[in-house]
Amino acid sequence: MESLILVVKGFFIGVANVIPGVSGGTIALILGIYEKLISTIGNIYKNLKENILFLLPIVIGMGLSIVTTSKVVSYSYNNFPLPTLMFFVGLVCGGIPMLVKNVKGKKENKQLSSYIILILTFLSVIFMASYKFIFSINSEVSFASMNIGSFLILFVIGIIASATMVIPGISGSLVLMILGYYYPIIETINGLFKGDFLHNALILGVFGIGVVVGIVLISKLLELLFKNYKTKTYFGVLGFVFASVLAIPLSACFELNSIIFNIEHIIISLVMLVIGTTISYKLGDK
């Protein structure tokens with residue numbers, strides 16, 4: 001029964017990692033397994049059998065959710081881009097109050113360094129979302145033709161995405177969206193058993209290895225940061241989240257050729273914004 005519960009929790013964490021704006025780390029916090037998850041990953045070789053028995057059901061649940069949810073996200077984005085984007089923005093906005101609670105009333109609130117950290121993380125996200133426009137780069141990410149350099153970049157992208165997947169308040173899928181890799185990877189997952197299976201499996205395998213390596217490497221760092229610099233770390237998280245409200249639509253503008261703007265789409269988009277905000281806020285408030 002305990003393993004089944006972990007599978008279910010892993011499923012919800014996986015769903016969070018698929019949806020841009022929702023943090024898998026936040027969901028793990030809400031479900032009460034975040035600290036043990038980070039500690040287990042960071043100390044995987046201590047009590048190896050026990051750690052594997054804890055992690056395996058979670059990984060299975062995450063895998064099931066990623067395979068199933070990716071199709072829904074891909075369909076919604078391709079057919080209803082504006083409402084889908086606004087739902088993602090709402091998910092980000094709804095999580096802000098929970099993050100603010102982690103720094104409210106702390107002595108670091110009066111330290112200039114905390115706000116410098118917030119500004120730097122904010123600007124770094126805005127830069128990632130708009131670098132194609134800044135440097136007049138119009139090329140889209142494509143896995144059609146891959147070489148050693150492309151696979152190396154994909155491996156590094158996996159490390160970057162995994163690092164953000166486990167940090168509360170930061171969405172790994174949002175980072176992938178900003179970097180232009182989110183939808184190509186989603187399409188590769190959806191088309192795994194269609195077309196060239198070996199090519200798609202190799203792409204997902206390299207990305208997956210990067211994710212695993214990144215999670216292991218970042219876990220130790222997270223333990224140190226949240227133990228010794230918890231409030232300042234959350235200031236950095238807040239900078240990322242505030243910037244995400246702008247980064248999601250900004251990065252998507254470079255991905256989509258056209259977004260329909262009319263009264264119906266705007267009304268539906270506003271409704272989706274409210275729904276996304278409400279869902280995220282309720283989850284964070286529990």
# chains A, B, ... in the order shown; residues from 1 in each chain; ligands from 1
$ residues_around --residues "Ile58 in chain A" --least-positions-apart "6" --cutoff "8 Å" --atoms "only C-alpha atoms" --output "list in words"
Leu6, Val7, Val8, Lys9, Gly10 and Phe11 of chain A
$ residues_around --residues "Gly90 in chain A" --least-positions-apart "3" --cutoff "6 Å" --atoms "only C-alpha atoms" --output "PDB file with all heavy atoms, in the first residue's frame"
ATOM      1  N   PHE A  87      -3.410  29.900 -18.921  1.00  0.00           N
ATOM      2  CA  PHE A  87      -3.563  28.931 -17.827  1.00  0.00           C
ATOM      3  C   PHE A  87      -2.211  28.716 -17.143  1.00  0.00           C
ATOM      4  O   PHE A  87      -2.125  28.675 -15.912  1.00  0.00           O
ATOM      5  CB  PHE A  87      -4.091  27.613 -18.380  1.00  0.00           C
ATOM      6  CG  PHE A  87      -4.247  26.534 -17.332  1.00  0.00           C
ATOM      7  CD1 PHE A  87      -5.264  26.603 -16.393  1.00  0.00           C
ATOM      8  CD2 PHE A  87      -3.379  25.451 -17.302  1.00  0.00           C
ATOM      9  CE1 PHE A  87      -5.414  25.619 -15.431  1.00  0.00           C
ATOM     10  CE2 PHE A  87      -3.519  24.460 -16.344  1.00  0.00           C
ATOM     11  CZ  PHE A  87      -4.540  24.540 -15.405  1.00  0.00           C
ATOM     12  N   CYS A  93       1.223  32.582 -11.133  1.00  0.00           N
ATOM     13  CA  CYS A  93       0.730  33.638 -10.238  1.00  0.00           C
ATOM     14  C   CYS A  93       0.181  33.058  -8.931  1.00  0.00           C
ATOM     15  O   CYS A  93       0.406  33.613  -7.851  1.00  0.00           O
ATOM     16  CB  CYS A  93      -0.361  34.444 -10.934  1.00  0.00           C
ATOM     17  SG  CYS A  93       0.223  35.433 -12.346  1.00  0.00           S
ATOM     18  N   LEU A 273      -6.912  31.913 -17.021  1.00  0.00           N
ATOM     19  CA  LEU A 273      -5.965  32.576 -16.126  1.00  0.00           C
ATOM     20  C   LEU A 273      -6.445  32.464 -14.682  1.00  0.00           C
ATOM     21  O   LEU A 273      -5.667  32.134 -13.769  1.00  0.00           O
ATOM     22  CB  LEU A 273      -5.807  34.044 -16.519  1.00  0.00           C
ATOM     23  CG  LEU A 273      -4.925  34.919 -15.604  1.00  0.00           C
ATOM     24  CD1 LEU A 273      -3.470  34.463 -15.683  1.00  0.00           C
ATOM     25  CD2 LEU A 273      -5.040  36.393 -16.009  1.00  0.00           C
ATOM     26  N   GLY A 276      -6.266  28.735 -13.539  1.00  0.00           N
ATOM     27  CA  GLY A 276      -4.888  28.361 -13.253  1.00  0.00           C
ATOM     28  C   GLY A 276      -4.393  28.943 -11.943  1.00  0.00           C
ATOM     29  O   GLY A 276      -3.747  28.259 -11.141  1.00  0.00           O
ATOM     30  N   THR A 277      -4.727  30.214 -11.704  1.00  0.00           N
ATOM     31  CA  THR A 277      -4.320  30.885 -10.470  1.00  0.00           C
ATOM     32  C   THR A 277      -4.962  30.232  -9.258  1.00  0.00           C
ATOM     33  O   THR A 277      -4.299  30.011  -8.245  1.00  0.00           O
ATOM     34  CB  THR A 277      -4.716  32.379 -10.520  1.00  0.00           C
ATOM     35  OG1 THR A 277      -4.114  33.000 -11.654  1.00  0.00           O
ATOM     36  CG2 THR A 277      -4.274  33.095  -9.254  1.00  0.00           C
TER      37      THR A 277
END
$ select_by_dssp --residues "range 78-267 of chain A" --states "alpha helix (DSSP H)" --output "PyMOL selection string"
chain A and resi 78-79+81-101+112-134+148-165+172-179+182-190+197-228+230-255+263-267
$ write_last_selection --atoms "C-alpha atoms" --output "short mmCIF file (atom, residue, chain, number, x, y, z; two decimals), in the first residue's frame"
data_model
loop_
_atom_site.label_atom_id
_atom_site.label_comp_id
_atom_site.auth_asym_id
_atom_site.auth_seq_id
_atom_site.Cartn_x
_atom_site.Cartn_y
_atom_site.Cartn_z
CA ASN A 78 -1.40 23.43 -30.72
CA ASN A 79 -5.16 24.02 -30.89
CA PRO A 81 -2.46 28.47 -27.70
CA LEU A 82 -3.65 31.67 -26.00
CA PRO A 83 -5.96 30.05 -23.39
CA THR A 84 -3.27 27.42 -22.70
CA LEU A 85 -0.60 30.08 -22.17
CA MET A 86 -2.83 32.07 -19.85
CA PHE A 87 -3.56 28.93 -17.83
CA PHE A 88 0.20 28.46 -17.41
CA VAL A 89 0.62 32.10 -16.36
CA GLY A 90 -2.17 31.63 -13.81
CA LEU A 91 -0.41 28.61 -12.36
CA VAL A 92 2.68 30.75 -11.81
CA CYS A 93 0.73 33.64 -10.24
CA GLY A 94 -1.13 31.33 -7.85
CA GLY A 95 2.10 29.99 -6.42
CA ILE A 96 3.56 33.39 -5.54
CA PRO A 97 1.77 33.86 -2.16
CA MET A 98 3.15 30.54 -0.87
CA LEU A 99 6.68 31.58 -1.80
CA VAL A 100 6.28 35.04 -0.25
CA LYS A 101 5.39 33.38 3.07
CA LEU A 112 20.36 44.51 0.05
CA SER A 113 21.99 41.24 -1.03
CA SER A 114 18.63 39.46 -0.93
CA TYR A 115 17.11 41.89 -3.41
CA ILE A 116 20.20 41.75 -5.62
CA ILE A 117 19.72 37.99 -5.82
CA LEU A 118 16.06 38.50 -6.72
CA ILE A 119 16.90 41.02 -9.45
CA LEU A 120 19.66 38.84 -10.93
CA THR A 121 17.42 35.77 -11.17
CA PHE A 122 14.62 37.92 -12.61
CA LEU A 123 16.86 39.37 -15.32
CA SER A 124 18.42 36.01 -16.15
CA VAL A 125 15.00 34.52 -16.92
CA ILE A 126 13.93 37.50 -19.03
CA PHE A 127 17.20 37.18 -20.96
CA MET A 128 16.64 33.46 -21.58
CA ALA A 129 13.13 34.16 -22.81
CA SER A 130 14.19 36.89 -25.24
CA TYR A 131 17.72 35.96 -26.31
CA LYS A 132 16.51 34.82 -29.74
CA PHE A 133 15.06 38.28 -30.35
CA ILE A 134 18.07 40.11 -28.86
CA ILE A 148 27.54 14.94 -31.35
CA GLY A 149 27.35 18.64 -30.48
CA SER A 150 23.54 18.59 -30.54
CA PHE A 151 23.43 15.58 -28.21
CA LEU A 152 25.92 17.25 -25.85
CA ILE A 153 23.73 20.38 -25.70
CA LEU A 154 20.67 18.17 -25.10
CA PHE A 155 22.52 16.46 -22.23
CA VAL A 156 23.33 19.86 -20.66
CA ILE A 157 19.72 20.98 -21.15
CA GLY A 158 18.65 17.87 -19.23
CA ILE A 159 20.94 18.84 -16.35
CA ILE A 160 19.59 22.41 -16.30
CA ALA A 161 15.96 21.25 -16.44
CA SER A 162 16.45 18.67 -13.69
CA ALA A 163 18.04 21.23 -11.40
CA THR A 164 14.91 23.37 -11.60
CA MET A 165 12.52 20.42 -11.39
CA GLY A 172 11.65 22.63 -14.98
CA SER A 173 9.21 22.49 -17.89
CA LEU A 174 9.05 26.30 -17.88
CA VAL A 175 12.83 26.46 -18.20
CA LEU A 176 12.60 24.04 -21.13
CA MET A 177 9.97 26.28 -22.70
CA ILE A 178 12.17 29.34 -22.27
CA LEU A 179 15.14 27.54 -23.84
CA TYR A 182 9.90 22.01 -24.19
CA TYR A 183 7.64 21.35 -27.17
CA PRO A 184 10.23 19.45 -29.25
CA ILE A 185 10.72 17.07 -26.30
CA ILE A 186 6.96 16.75 -25.75
CA GLU A 187 6.50 15.92 -29.44
CA THR A 188 9.32 13.36 -29.23
CA ILE A 189 7.60 11.68 -26.27
CA ASN A 190 4.29 11.61 -28.15
CA PHE A 197 11.80 4.66 -32.71
CA LEU A 198 15.57 4.35 -32.22
CA HIS A 199 16.12 8.03 -33.07
CA ASN A 200 13.40 9.19 -30.67
CA ALA A 201 14.56 6.80 -27.94
CA LEU A 202 18.15 8.03 -28.28
CA ILE A 203 17.03 11.66 -27.94
CA LEU A 204 14.96 10.92 -24.84
CA GLY A 205 17.72 8.68 -23.46
CA VAL A 206 20.39 11.39 -23.68
CA PHE A 207 18.01 13.96 -22.21
CA GLY A 208 16.99 11.50 -19.47
CA ILE A 209 20.60 10.80 -18.50
CA GLY A 210 21.18 14.54 -18.21
CA VAL A 211 18.12 14.82 -15.98
CA VAL A 212 19.34 12.04 -13.67
CA VAL A 213 22.86 13.47 -13.45
CA GLY A 214 21.48 16.94 -12.76
CA ILE A 215 19.14 15.76 -10.01
CA VAL A 216 21.96 13.94 -8.21
CA LEU A 217 24.34 16.90 -8.49
CA ILE A 218 21.83 19.53 -7.40
CA SER A 219 20.48 17.60 -4.41
CA LYS A 220 23.61 18.13 -2.33
CA LEU A 221 23.67 21.81 -3.24
CA LEU A 222 19.98 22.19 -2.33
CA GLU A 223 20.56 20.64 1.09
CA LEU A 224 23.31 23.17 1.72
CA LEU A 225 21.41 26.22 0.43
CA PHE A 226 18.13 25.55 2.21
CA LYS A 227 19.93 24.62 5.41
CA ASN A 228 22.23 27.65 5.58
CA LYS A 230 16.99 29.38 3.18
CA THR A 231 15.53 32.90 2.95
CA LYS A 232 18.05 34.13 0.38
CA THR A 233 17.41 31.03 -1.70
CA TYR A 234 13.70 31.79 -1.69
CA PHE A 235 14.46 35.36 -2.81
CA GLY A 236 16.17 33.82 -5.83
CA VAL A 237 13.15 31.61 -6.40
CA LEU A 238 10.84 34.63 -6.24
CA GLY A 239 12.90 36.44 -8.87
CA PHE A 240 12.51 33.47 -11.15
CA VAL A 241 8.76 33.20 -10.56
CA PHE A 242 8.07 36.94 -11.03
CA ALA A 243 9.95 36.83 -14.32
CA SER A 244 8.06 33.71 -15.40
CA VAL A 245 4.82 35.70 -15.59
CA LEU A 246 6.41 37.62 -18.47
CA ALA A 247 8.67 34.87 -19.77
CA ILE A 248 5.93 32.34 -20.61
CA PRO A 249 4.08 34.51 -23.17
CA LEU A 250 7.33 36.15 -24.32
CA SER A 251 9.07 32.89 -25.13
CA ALA A 252 5.91 31.47 -26.69
CA CYS A 253 5.70 34.42 -29.09
CA PHE A 254 8.94 33.20 -30.67
CA GLU A 255 7.67 29.62 -30.83
CA ILE A 263 -13.19 38.58 -28.00
CA GLU A 264 -13.97 34.91 -27.53
CA HIS A 265 -10.30 33.88 -27.16
CA ILE A 266 -9.58 36.77 -24.79
CA ILE A 267 -12.56 35.91 -22.54
#
$ closest_residue --among "A:Ala16, A:Ile5, A:Ile52, A:Val141" --to "Ser65 in chain A" --atoms "only C-alpha atoms"
A:Ala16
$ closest_atom_pairs --of "range 48-117 of chain A" --to "range 29-38 of chain A" --cutoff "10 Å" --atoms "only C-alpha atoms" --output "CSV"
residue,atom,partner,partner_atom,distance
A:Asn51,CA,A:Leu37,CA,9.2
A:Phe54,CA,A:Leu37,CA,8.5
A:Leu55,CA,A:Leu37,CA,7.7
A:Ile58,CA,A:Leu37,CA,9.4
$ write_last_selection --atoms "C-alpha atoms" --output "PDB file, in the first residue's frame"
ATOM      1  CA  ASN A  51      16.553   4.304  -0.943  1.00  0.00           C
ATOM      2  CA  PHE A  54      11.538   4.586  -1.810  1.00  0.00           C
ATOM      3  CA  LEU A  55      12.520   6.166  -5.136  1.00  0.00           C
ATOM      4  CA  ILE A  58       7.954   7.661  -7.352  1.00  0.00           C
TER       5      ILE A  58
END
$ atom_distance --atom1 "CA of Gly63 in chain A" --atom2 "CA of Gly14 in chain A"
6.9 Å
$ closest_residue --among "A:Val103, A:Ile27, A:Val59, A:Val67" --to "Ser280 in chain A" --atoms "only C-alpha atoms"
A:Ile27
$ atom_distance --atom1 "CA of Ser39 in chain A" --atom2 "CA of Thr69 in chain A"
27.6 Å
$ atom_distance --atom1 "CA of Gly61 in chain A" --atom2 "CA of Val73 in chain A"
17.8 Å
